[in-house]
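Note: the block below is target.txt and it holds compact mmCIF, C-alpha atoms.
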```txt
# COMPACT_ATOMS: atom_id res chain seq x y z
CA MET F 1 -17.25 -15.37 -26.28
CA GLU F 2 -16.84 -18.56 -24.23
CA THR F 3 -15.36 -16.51 -21.38
CA LEU F 4 -18.30 -14.12 -21.48
CA LEU F 5 -20.75 -17.02 -21.28
CA ILE F 6 -18.94 -18.41 -18.25
CA LEU F 7 -19.11 -15.02 -16.57
CA GLN F 8 -22.77 -14.67 -17.39
CA GLU F 9 -23.57 -18.12 -15.96
CA GLY F 10 -21.34 -18.08 -12.90
CA LEU F 11 -20.73 -14.48 -11.91
CA PHE F 12 -23.84 -12.76 -13.30
CA PHE F 13 -22.56 -10.73 -16.21
CA ASP F 14 -25.22 -8.04 -15.90
CA GLN F 15 -23.84 -7.11 -12.47
CA LEU F 16 -20.33 -7.06 -13.88
CA LEU F 17 -21.56 -4.51 -16.36
CA TYR F 18 -23.33 -2.59 -13.63
CA ALA F 19 -20.11 -2.55 -11.60
CA ALA F 20 -18.33 -1.09 -14.61
CA GLY F 21 -21.01 1.58 -14.96
CA LEU F 22 -22.19 0.21 -18.29
CA LEU F 23 -25.64 -1.07 -17.40
CA GLY F 24 -28.68 0.99 -16.47
CA THR F 25 -31.57 -1.36 -15.70
CA ALA F 26 -34.02 1.25 -14.47
CA THR F 27 -37.02 1.81 -16.68
CA ALA F 28 -37.68 5.16 -18.32
CA ASP F 29 -40.39 5.84 -15.73
CA GLU F 30 -37.99 5.05 -12.87
CA ARG F 31 -35.31 7.32 -14.30
CA ALA F 32 -37.86 10.11 -14.64
CA GLU F 33 -38.99 9.57 -11.06
CA THR F 34 -35.38 9.71 -9.82
CA ARG F 35 -34.78 13.01 -11.63
CA ALA F 36 -38.07 14.56 -10.63
CA PRO F 37 -37.43 17.74 -8.57
CA SER F 38 -40.22 16.76 -6.18
CA VAL F 39 -38.26 13.70 -5.01
CA ALA F 40 -35.17 14.35 -2.91
CA ALA F 41 -32.86 11.62 -1.62
CA ALA F 42 -30.40 12.17 1.21
CA THR F 43 -28.04 10.18 3.42
CA LEU F 44 -27.91 10.73 7.18
CA ARG F 45 -24.77 9.56 8.99
CA ALA F 46 -24.27 11.82 12.00
CA PRO F 47 -25.96 10.46 15.17
CA ARG F 48 -27.43 13.91 15.86
CA ALA F 49 -29.02 14.10 12.40
CA ILE F 50 -30.42 10.57 12.74
CA ALA F 51 -31.88 11.35 16.15
CA ALA F 52 -33.45 14.53 14.77
CA LEU F 53 -35.26 12.46 12.13
CA ALA F 54 -36.89 10.24 14.79
CA PRO F 55 -40.26 12.08 15.04
CA GLU F 56 -40.79 11.93 11.25
CA TRP F 57 -39.57 8.33 11.10
CA ARG F 58 -42.05 7.29 13.79
CA ALA F 59 -44.81 9.17 11.98
CA LEU F 60 -43.97 7.32 8.74
CA GLU F 61 -44.19 4.01 10.65
CA ALA F 62 -47.63 4.99 11.91
CA ARG F 63 -48.83 5.92 8.41
CA ALA F 64 -47.54 2.67 6.89
CA PRO F 65 -47.74 -0.01 9.62
CA ALA F 66 -47.66 -2.79 7.03
CA GLY F 67 -44.78 -1.17 5.12
CA ALA F 68 -42.11 -2.88 7.23
CA THR F 69 -41.70 -5.22 10.20
CA ALA F 70 -40.92 -4.67 13.88
CA PHE F 71 -37.24 -4.96 12.99
CA GLN F 72 -37.28 -1.62 11.13
CA ALA F 73 -38.67 0.34 14.09
CA CYS F 74 -37.06 3.72 14.66
CA ASP F 75 -36.48 3.29 18.40
CA LEU F 76 -34.96 -0.15 17.93
CA HIS F 77 -32.38 1.28 15.52
CA LEU F 78 -31.51 4.23 17.74
CA VAL F 79 -30.74 1.89 20.64
CA TRP F 80 -29.02 -0.64 18.37
CA ALA F 81 -26.65 2.06 17.09
CA ARG F 82 -25.50 2.88 20.62
CA HIS F 83 -24.38 -0.70 21.14
CA PHE F 84 -23.22 -1.91 17.73
CA CYS F 85 -21.78 1.12 15.94
CA ASP F 86 -18.04 1.60 16.31
CA ALA F 87 -14.96 2.40 14.25
CA ARG F 88 -15.86 -0.41 11.81
CA THR F 89 -19.65 -0.18 11.69
CA GLU F 90 -21.76 2.91 10.94
CA LEU F 91 -25.52 3.44 10.83
CA ARG F 92 -26.62 5.24 7.68
CA LEU F 93 -30.15 6.22 6.79
CA VAL F 94 -31.23 6.80 3.23
CA THR F 95 -34.22 9.10 3.26
CA LEU F 96 -36.54 10.11 0.47
CA ARG F 97 -38.85 13.09 0.52
CA LYS F 98 -41.54 13.88 -1.98
CA ASN F 99 -42.58 17.50 -1.97
CA GLY F 100 -40.88 17.76 1.43
CA ARG F 101 -42.80 14.85 2.97
CA LEU F 102 -40.79 11.90 4.31
CA VAL F 103 -41.91 8.85 2.31
CA LEU F 104 -39.01 6.40 2.77
CA VAL F 105 -36.37 5.44 5.32
CA TRP F 106 -33.81 2.76 4.47
CA PRO F 107 -31.66 1.88 7.54
CA LEU F 108 -28.31 0.33 6.66
CA ALA F 109 -25.22 -0.76 8.57
CA VAL F 110 -22.02 0.00 6.67
CA SER F 111 -18.93 -1.93 7.70
CA LYS F 112 -15.35 -1.73 6.48
CA GLY F 113 -13.23 -4.84 6.29
CA ALA F 114 -10.69 -6.76 4.28
CA LEU F 115 -13.21 -7.25 1.48
CA GLY F 116 -14.10 -3.55 1.25
CA GLY F 117 -17.24 -1.69 2.23
CA VAL F 118 -20.37 -3.78 2.78
CA ALA F 119 -23.86 -2.46 3.51
CA THR F 120 -26.41 -4.69 5.24
CA TRP F 121 -29.72 -4.12 6.99
CA ALA F 122 -29.14 -2.22 10.22
CA GLY F 123 -30.31 -3.94 13.37
CA ASP F 124 -28.45 -7.22 12.98
CA PRO F 125 -28.51 -9.58 14.87
CA ILE F 126 -31.88 -8.48 16.26
CA GLY F 127 -33.39 -7.86 12.86
CA GLN F 128 -34.66 -11.16 11.43
CA TYR F 129 -36.40 -9.61 8.42
CA GLY F 130 -35.06 -6.85 6.22
CA ASP F 131 -37.23 -4.20 4.65
CA VAL F 132 -37.52 -0.55 3.69
CA VAL F 133 -39.91 1.71 5.59
CA VAL F 134 -41.88 3.21 2.71
CA GLU F 135 -45.37 4.46 2.05
CA ALA F 136 -47.57 2.07 0.11
CA GLY F 137 -48.69 2.95 -3.38
CA PRO F 138 -47.98 2.41 -7.07
CA GLU F 139 -44.74 4.42 -6.87
CA ARG F 140 -43.17 2.26 -4.16
CA ASP F 141 -40.66 0.45 -6.42
CA ARG F 142 -39.68 3.74 -8.05
CA LEU F 143 -39.02 5.27 -4.64
CA ILE F 144 -36.87 2.31 -3.63
CA GLU F 145 -34.94 2.60 -6.89
CA ALA F 146 -34.29 6.27 -6.21
CA ALA F 147 -33.02 5.39 -2.73
CA PHE F 148 -30.79 2.68 -4.20
CA ARG F 149 -29.21 5.20 -6.54
CA GLU F 150 -28.38 7.30 -3.51
CA ILE F 151 -26.58 4.26 -2.05
CA GLY F 152 -24.71 3.81 -5.33
CA SER F 153 -23.41 7.38 -5.06
CA TRP F 154 -21.61 6.78 -1.75
CA GLY F 155 -18.46 5.44 -3.37
CA ASP F 156 -17.26 3.50 -0.31
CA VAL F 157 -19.65 0.53 -0.49
CA SER F 158 -18.88 -2.32 -2.87
CA PHE F 159 -21.57 -4.80 -1.90
CA LEU F 160 -25.16 -4.50 -0.70
CA HIS F 161 -26.36 -7.60 1.16
CA LEU F 162 -30.10 -7.79 1.75
CA GLY F 163 -30.87 -10.73 4.01
CA GLY F 164 -34.21 -11.99 5.28
CA VAL F 165 -36.41 -10.47 2.56
CA ARG F 166 -39.97 -11.75 2.88
CA ALA F 167 -41.91 -12.35 -0.32
CA ASP F 168 -44.65 -10.04 0.99
CA SER F 169 -42.31 -7.22 2.04
CA ALA F 170 -42.18 -3.76 0.52
CA VAL F 171 -38.72 -4.35 -0.94
CA ALA F 172 -39.27 -7.90 -2.25
CA ARG F 173 -40.26 -7.19 -5.85
CA TRP F 174 -37.53 -4.62 -6.31
CA ALA F 175 -34.88 -6.87 -4.70
CA GLY F 176 -35.93 -9.82 -6.82
CA ARG F 177 -35.50 -7.75 -9.98
CA ARG F 178 -32.33 -5.88 -9.03
CA GLY F 179 -30.44 -8.34 -6.88
CA ARG F 180 -29.14 -11.87 -7.14
CA LYS F 181 -30.38 -14.65 -4.89
CA ILE F 182 -28.01 -15.87 -2.22
CA GLY F 183 -28.54 -19.30 -0.73
CA ALA F 184 -31.68 -21.38 -0.62
CA THR F 185 -35.18 -20.07 -0.15
CA GLN F 186 -36.42 -20.36 3.42
CA GLU F 187 -39.97 -20.35 4.68
CA ALA F 188 -41.37 -18.29 7.51
CA PRO F 189 -44.22 -20.14 9.22
CA ALA F 190 -46.97 -18.03 10.73
CA LEU F 191 -50.24 -18.41 12.57
CA ASP F 192 -52.94 -16.16 11.19
CA HIS F 193 -55.45 -16.27 14.04
CA SER F 194 -57.99 -13.93 12.49
CA PRO F 195 -60.37 -16.89 11.90
CA PHE F 196 -60.55 -17.49 15.66
CA GLU F 197 -62.83 -15.20 17.60
CA ASN F 198 -61.32 -16.16 20.95
CA THR F 199 -59.12 -18.79 22.63
CA GLU F 200 -62.05 -21.19 22.90
CA ALA F 201 -62.50 -21.16 19.13
CA PHE F 202 -58.74 -21.46 18.73
CA ALA F 203 -58.63 -24.55 20.99
CA LYS F 204 -61.41 -26.23 19.01
CA ALA F 205 -59.15 -26.26 15.94
CA GLY F 206 -57.50 -29.32 17.48
CA TRP F 207 -53.81 -28.40 17.47
CA PRO F 208 -51.75 -31.60 18.04
CA GLN F 209 -49.20 -29.77 20.20
CA ALA F 210 -51.98 -28.62 22.55
CA LYS F 211 -52.67 -32.18 23.67
CA ARG F 212 -49.06 -32.71 24.64
CA ASN F 213 -48.94 -29.35 26.37
CA ALA F 214 -52.00 -30.20 28.44
CA LYS F 215 -50.01 -33.00 30.09
CA ARG F 216 -47.00 -30.72 30.54
CA ILE F 217 -49.11 -28.00 32.12
CA LYS F 218 -50.63 -30.52 34.53
CA LYS F 219 -47.16 -31.64 35.58
CA LEU F 220 -45.87 -28.08 35.97
CA GLU F 221 -48.91 -27.18 38.07
CA SER F 222 -48.11 -30.08 40.39
CA LEU F 223 -44.64 -28.67 41.05
CA GLY F 224 -45.93 -25.73 43.06
CA GLY F 225 -48.35 -23.93 40.77
CA MET F 226 -47.83 -22.34 37.35
CA ASN F 227 -48.29 -18.71 36.32
CA PHE F 228 -48.12 -17.09 32.87
CA GLU F 229 -47.99 -13.36 32.10
CA MET F 230 -47.14 -10.93 29.31
CA VAL F 231 -44.87 -8.21 30.68
CA GLU F 232 -44.24 -4.76 29.18
CA PRO F 233 -40.84 -2.97 29.38
CA GLY F 234 -39.62 -1.94 32.80
CA GLU F 235 -37.15 -3.06 35.47
CA ARG F 236 -38.79 -6.46 35.81
CA VAL F 237 -38.51 -7.17 32.10
CA GLN F 238 -34.81 -6.27 32.22
CA ALA F 239 -34.30 -9.01 34.80
CA LEU F 240 -36.29 -11.50 32.72
CA VAL F 241 -34.22 -10.72 29.62
CA ALA F 242 -31.04 -11.30 31.62
CA SER F 243 -32.42 -14.66 32.78
CA ALA F 244 -33.31 -15.59 29.20
CA PHE F 245 -29.76 -14.95 28.02
CA GLY F 246 -28.36 -17.04 30.83
CA PHE F 247 -30.64 -19.94 29.93
CA LYS F 248 -29.89 -19.55 26.22
CA ARG F 249 -26.10 -19.54 26.62
CA ALA F 250 -26.23 -22.60 28.87
CA TRP F 251 -28.32 -24.45 26.27
CA LEU F 252 -25.96 -23.44 23.43
CA ASP F 253 -23.00 -24.72 25.44
CA ARG F 254 -24.69 -28.07 26.05
CA GLN F 255 -25.65 -28.45 22.39
CA GLY F 256 -22.36 -27.19 20.99
CA HIS F 257 -24.13 -24.66 18.78
CA PHE F 258 -22.24 -21.55 17.72
CA GLY F 259 -24.94 -18.98 18.50
CA ARG F 260 -22.97 -15.98 17.26
CA ALA F 261 -25.63 -13.50 18.35
CA PHE F 262 -26.17 -14.90 21.81
CA ILE F 263 -22.50 -14.99 22.79
CA ASP F 264 -22.19 -11.33 21.81
CA ALA F 265 -22.49 -9.18 24.94
CA ARG F 266 -23.70 -6.26 22.81
CA LEU F 267 -26.93 -8.07 21.94
CA GLU F 268 -27.80 -8.62 25.60
CA ALA F 269 -26.94 -5.00 26.45
CA CYS F 270 -29.08 -3.73 23.57
CA LEU F 271 -32.11 -5.85 24.44
CA THR F 272 -31.71 -5.01 28.12
CA GLU F 273 -31.89 -1.30 27.32
CA LEU F 274 -34.97 -1.82 25.15
CA ALA F 275 -36.55 -3.95 27.88
CA GLY F 276 -36.00 -1.36 30.59
CA ASP F 277 -37.38 1.76 28.90
CA ALA F 278 -41.17 1.87 28.66
CA SER F 279 -41.02 5.14 26.70
CA LEU F 280 -39.42 3.47 23.67
CA ARG F 281 -41.70 2.38 20.84
CA SER F 282 -39.78 -0.78 19.97
CA GLY F 283 -42.75 -3.09 20.47
CA LEU F 284 -40.77 -5.35 22.83
CA VAL F 285 -42.86 -7.61 25.06
CA VAL F 286 -41.86 -10.59 27.20
CA SER F 287 -43.79 -13.79 27.89
CA HIS F 288 -42.98 -15.20 31.33
CA LEU F 289 -43.81 -18.66 32.66
CA SER F 290 -43.08 -19.33 36.32
CA VAL F 291 -43.45 -22.55 38.32
CA GLY F 292 -43.48 -22.44 42.09
CA GLY F 293 -42.38 -18.82 41.91
CA GLU F 294 -39.29 -19.61 39.80
CA THR F 295 -38.80 -18.66 36.16
CA ALA F 296 -39.30 -21.72 33.98
CA ALA F 297 -39.35 -20.14 30.48
CA VAL F 298 -39.10 -16.73 28.83
CA GLU F 299 -39.98 -15.63 25.31
CA VAL F 300 -38.81 -12.24 24.06
CA GLY F 301 -41.00 -10.85 21.29
CA PHE F 302 -41.70 -7.70 19.31
CA ARG F 303 -45.07 -6.42 18.14
CA HIS F 304 -45.69 -4.21 15.14
CA GLY F 305 -48.45 -3.77 12.60
CA GLY F 306 -50.67 -6.43 14.16
CA VAL F 307 -47.92 -9.10 14.19
CA HIS F 308 -46.22 -10.66 17.20
CA TYR F 309 -42.65 -11.70 16.28
CA ALA F 310 -41.21 -14.38 18.59
CA PHE F 311 -37.56 -13.33 18.66
CA MET F 312 -36.00 -15.54 21.34
CA GLY F 313 -37.20 -18.32 23.60
CA ALA F 314 -35.28 -19.81 26.51
CA PHE F 315 -36.04 -22.14 29.39
CA SER F 316 -34.52 -23.02 32.74
CA PRO F 317 -32.56 -26.29 32.82
CA ASP F 318 -34.25 -27.03 36.15
CA PHE F 319 -37.54 -27.58 34.31
CA ALA F 320 -36.17 -28.78 30.97
CA LYS F 321 -37.62 -32.31 31.17
CA HIS F 322 -41.12 -30.82 31.32
CA SER F 323 -40.66 -28.76 28.09
CA PRO F 324 -41.68 -25.34 29.46
CA GLY F 325 -40.57 -23.73 26.18
CA PHE F 326 -43.36 -25.46 24.28
CA VAL F 327 -45.84 -24.41 26.96
CA VAL F 328 -44.84 -20.73 26.92
CA THR F 329 -45.22 -20.71 23.12
CA GLU F 330 -48.81 -21.93 23.28
CA LEU F 331 -49.72 -19.55 26.09
CA THR F 332 -48.17 -16.64 24.16
CA ILE F 333 -50.22 -17.58 21.09
CA ARG F 334 -53.38 -17.68 23.20
CA ALA F 335 -52.55 -14.22 24.56
CA CYS F 336 -52.12 -12.99 20.98
CA VAL F 337 -55.51 -14.43 20.01
CA GLU F 338 -57.13 -12.45 22.83
CA ALA F 339 -55.22 -9.24 22.04
CA PRO F 340 -57.40 -6.89 19.93
CA ASP F 341 -54.43 -5.36 18.11
CA VAL F 342 -52.64 -8.61 17.17
CA GLY F 343 -53.70 -10.79 14.25
CA GLU F 344 -50.67 -12.98 13.62
CA TYR F 345 -48.01 -14.90 15.54
CA ASP F 346 -44.70 -15.19 13.65
CA PRO F 347 -42.09 -17.60 15.12
CA LEU F 348 -39.54 -16.52 12.46
CA PRO F 349 -37.53 -18.75 10.08
CA PRO F 350 -36.47 -21.47 9.70
CA ALA F 351 -39.62 -23.55 9.40
CA ASP F 352 -38.78 -26.09 12.10
CA ASP F 353 -41.33 -28.73 13.00
CA TYR F 354 -42.19 -27.19 16.36
CA LYS F 355 -43.00 -23.91 14.60
CA LEU F 356 -45.01 -25.55 11.85
CA ALA F 357 -47.11 -27.24 14.53
CA TRP F 358 -48.62 -23.81 15.31
CA SER F 359 -48.88 -22.39 11.80
CA ASN F 360 -51.53 -22.17 9.10
CA ARG F 361 -49.58 -20.28 6.45
CA ARG F 362 -46.01 -19.81 5.18
CA VAL F 363 -44.15 -16.98 3.46
CA LYS F 364 -40.99 -17.41 1.39
CA VAL F 365 -37.86 -15.61 2.62
CA ARG F 366 -34.72 -14.97 0.56
CA ASP F 367 -31.35 -13.25 0.72
CA TYR F 368 -30.21 -11.01 -2.12
CA GLY F 369 -26.89 -9.45 -3.07
CA LEU F 370 -26.06 -6.46 -5.25
CA VAL F 371 -22.49 -5.87 -6.40
CA LEU F 372 -21.80 -2.15 -6.73
CA ASP F 373 -18.22 -2.23 -8.03
CA TRP F 374 -15.50 -4.72 -8.94
CA ALA F 375 -14.30 -5.13 -5.35
CA GLY F 376 -17.77 -6.23 -4.32
CA PHE F 377 -17.42 -9.60 -6.00
CA ALA F 378 -15.17 -10.82 -3.17
CA SER F 379 -17.92 -10.02 -0.66
CA PHE F 380 -20.51 -11.63 -2.92
CA LEU F 381 -18.51 -14.86 -3.17
CA TYR F 382 -18.04 -14.92 0.60
CA ALA F 383 -21.74 -14.37 1.31
CA ALA F 384 -22.99 -16.75 -1.38
CA HIS F 385 -20.49 -19.59 -1.08
CA LEU F 386 -17.74 -19.43 1.55
CA ARG F 387 -19.82 -18.49 4.60
CA PRO F 388 -22.50 -21.17 4.00
CA ALA F 389 -19.75 -23.76 3.48
CA LEU F 390 -18.09 -22.82 6.77
CA LYS F 391 -21.42 -23.06 8.62
CA THR F 392 -22.08 -26.50 7.11
CA LEU F 393 -18.59 -27.66 8.05
CA TYR F 394 -19.02 -26.47 11.64
CA ALA F 395 -22.38 -28.22 11.98
CA ARG F 396 -20.81 -31.53 10.92
CA LEU F 397 -18.05 -31.43 13.52
CA PRO F 398 -18.30 -33.69 16.60
CA LEU F 399 -20.04 -32.14 19.61
CA LYS F 400 -16.90 -31.94 21.77
CA LEU F 401 -14.96 -30.19 19.01
CA ARG F 402 -17.83 -27.70 18.41
CA GLN F 403 -17.91 -26.93 22.12
CA GLY F 404 -14.16 -26.32 22.13
CA LEU F 405 -14.34 -23.99 19.12
CA ARG F 406 -17.06 -21.77 20.59
CA LEU F 407 -15.78 -18.24 21.14
CA PRO F 408 -15.81 -16.61 24.58
CA ARG F 409 -18.63 -14.19 25.26
CA GLY F 410 -17.86 -10.57 24.40
```

Before we go any further, please render this structure as structure tokens.
Amino acid sequence: METLLILQEGLFFDQLLYAAGLLGTATADERAETRAPSVAAATLRAPRAIAALAPEWRALEARAPAGATAFQACDLHLVWARHFCDARTELRLVTLRKNGRLVLVWPLAVSKGALGGVATWAGDPIGQYGDVVVEAGPERDRLIEAAFREIGSWGDVSFLHLGGVRADSAVARWAGRRGRKIGATQEAPALDHSPFENTEAFAKAGWPQAKRNAKRIKKLESLGGMNFEMVEPGERVQALVASAFGFKRAWLDRQGHFGRAFIDARLEACLTELAGDASLRSGLVVSHLSVGGETAAVEVGFRHGGVHYAFMGAFSPDFAKHSPGFVVTELTIRACVEAPDVGEYDPLPPADDYKLAWSNRRVKVRDYGLVLDWAGFASFLYAAHLRPALKTLYARLPLKLRQGLRLPRG
């Protein structure tokens, strides 16, 4: 009995039982919903089958714009798969149809490694929030449960890692009930600018950062004139994205930060493709600040469902002492306030001070893990304990040593 109590406290005994096939935590209503002939779950793996689903997937996004974030967009995933899927990583879509109508898409990346098969949100490292694209309604959790049972039938995935789950997401309640928390709770700061009719009303709110930026803008103007613009995908945006990556890598090198995503050439190639194709519905938009005709700062963002997600900001070292990154953030927010189809600016977690300076609300964000069989406990222990410990250790190393340990780009 003592051993069982230790397992229950430390390794979550209910998931041990689930791994052994002994625990069914679905309610009677959920089991009935899963068996209902009107609900059909399927898994799409072949690139051709996934591409064929695109029109229905986009239509589902349009019907449920608040059902997911920009990081679950169909076109983003199709481009992501071309750059990140290989012999080790596969894009799989779990789909659910009710009476033939597509009501759910769950995009997952399945990777095979030393710890067995692991499924995570597809779209990493672009995707900062994880969610399921699902129609709203009282049956939403039941539909997600039915899709989860489809995942459980694969047989080659031992661990399901759901990172970046917002408390207000479609999957949050289900994940909180089914999964186990991994790591500490983060907060996503956000600026809900619906109370502000225009930028004049926004300015009257007296944001402390705006006063500092006024001095910075005056200085930047004196260096040859300043210009700000929001640029939609096309050849010019491709060039701006390339500049942003160059600035970002130089900054990471100076700071000795690891920056796994930004030293990965696949991320730049993926974002460059998204930036260059105006026909894609990824929501990508770039904020560009120039001084004297030279790029001073770039912010790459995504828009979806009335929210502007600030994915990546970077600034030129030539203008670093004048803080153009802070300026481009404020000017982007002002552009969002004026945009009729945008109601919120989301700088993404963590809740750093410079993000909180432009926020009026916060949303909790958590990671969850679900062990699907015995082998999955190794992946769970890595995600919950070993990986965070390694990141903490790296952050405590001296700057010169961190710089020496950084991996080459590629």

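Going from CA of Val371 in chain F over to CA of Gly179 in chain F, you cover 8.3 Å.
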
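When all atoms listed in the file are used to measure the gap to Phe159 in chain F, the shortest distance among F:Cys74, F:Ala147, F:Leu381, F:Ala54 belongs to F:Leu381.
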
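Nearest residue to Gly130 in chain F among F:Trp374, F:Tyr354, F:Phe228, F:Tyr368 is F:Tyr368, counting all atoms listed in the file.
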
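Residues with any atom within 12 Å of Ala87 in chain F, counting only C-alpha atoms and excluding same-chain neighbours fewer than 2 positions away, are Phe84, Cys85, Thr89, Glu90, Leu91, Val110, Ser111, Lys112 and Gly113 of chain F.
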
Inset, instruction - Could you give me, as a list of chain:residue names, the residues within 8 Å of range 65-68 of chain F, counting all atoms listed in the file and dropping anything in the same chain fewer than 5 positions from it? - result: F:Asp131, F:Val132, F:Val133, F:Val134, F:Glu135, F:Ala136, F:Ser169, F:Ala170, F:His304, F:Gly305

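The space between CA of Arg212 in chain F and CA of Leu331 in chain F spans 13.3 Å.
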
Legend entry - Distance query Arg362 in chain F at most 10 Å, all atoms listed in the file, self and fewer than 5 positions along chain excluded, as a list of chain:residue names: F:Gln186, F:Glu187, F:Ala188, F:Pro189, F:Ala190, F:Leu191, F:Asp192, F:Asp346, F:Pro349, F:Ala351, F:Leu356

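If only C-alpha atoms are the atoms counted, then among F:Ile144, F:Ala81, F:Ala205, F:Ala52 the closest residue to Ala175 in chain F is F:Ile144.
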
Inset, instruction - Please determine the residues with any atom at most 9 Å from (-42.7, -19.7, 18.6) (coordinates as given in the file, with only C-alpha atoms counting) and report them as a ChimeraX atom specification. - result: /F:299,309-313,325-326,328-330,332-333,345-348,354-355,358

9 Å contact set for Lys98 in chain F, only C-alpha atoms, chain neighbours under 2 positions out, as a compact mmCIF listing (two decimals) with C-alpha atoms, in the frame of the given file:
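Writing done, so here's part21.txt:
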```
# COMPACT_ATOMS: atom_id res chain seq x y z
CA PRO F 37 -37.43 17.74 -8.57
CA SER F 38 -40.22 16.76 -6.18
CA VAL F 39 -38.26 13.70 -5.01
CA ALA F 40 -35.17 14.35 -2.91
CA ALA F 41 -32.86 11.62 -1.62
CA LEU F 96 -36.54 10.11 0.47
CA GLY F 100 -40.88 17.76 1.43
CA ARG F 101 -42.80 14.85 2.97
CA LEU F 102 -40.79 11.90 4.31
CA VAL F 103 -41.91 8.85 2.31
```

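Across the model, the gap from CA of His322 in chain F to CA of Val337 in chain F is 24.6 Å.
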
Using the file's own x, y and z axes, what box holds all listed atoms of range 217-233 of chain F with 3 Å on each side, keeping edges along x, y and z, and what are its centre and edge lengths in Å to one decimal, as JSON?
```
{"center_x": -45.7, "center_y": -17.3, "center_z": 36.1, "size_x": 15.8, "size_y": 34.7, "size_z": 19.9}
```

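Nearest-residue note for Thr185 in chain F: choosing from F:Ala275, F:Val94, F:Ala269, F:Val365, the minimum distance belongs to F:Val365, counting all atoms listed in the file.
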
Legend entry - Selected residue of minimal separation from Leu274 in chain F among F:Phe377, F:Trp80, F:Phe245, F:Trp57, counting only C-alpha atoms: F:Trp80

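You can rank F:Ile217, F:Leu53, F:Ala339, F:Ala384 by their closest distance to Phe196 in chain F using all atoms listed in the file, and at the top of that list sits F:Ala339.
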
Scan for residues within 7 Å of the point (-37.7, -21.6, 29.2) in the coordinates of the file, using all atoms listed in the file, and reply as a PDB file with C-alpha atoms, keeping the file's coordinate frame.
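File produced: point_2.pdb:
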```pdb
ATOM      1  CA  ALA F 296     -39.300 -21.720  33.980  1.00  0.00           C
ATOM      2  CA  ALA F 297     -39.350 -20.140  30.480  1.00  0.00           C
ATOM      3  CA  VAL F 298     -39.100 -16.730  28.830  1.00  0.00           C
ATOM      4  CA  GLY F 313     -37.200 -18.320  23.600  1.00  0.00           C
ATOM      5  CA  ALA F 314     -35.280 -19.810  26.510  1.00  0.00           C
ATOM      6  CA  PHE F 315     -36.040 -22.140  29.390  1.00  0.00           C
ATOM      7  CA  SER F 316     -34.520 -23.020  32.740  1.00  0.00           C
ATOM      8  CA  PRO F 324     -41.680 -25.340  29.460  1.00  0.00           C
ATOM      9  CA  GLY F 325     -40.570 -23.730  26.180  1.00  0.00           C
TER      10      GLY F 325
END
```

Legend entry - Spatial neighbours of Ala278 in chain F, max dist 8 Å, all atoms listed in the file, sep filter under 6 positions, as JSON, numbers by chain: {"F": [232, 233, 234]}
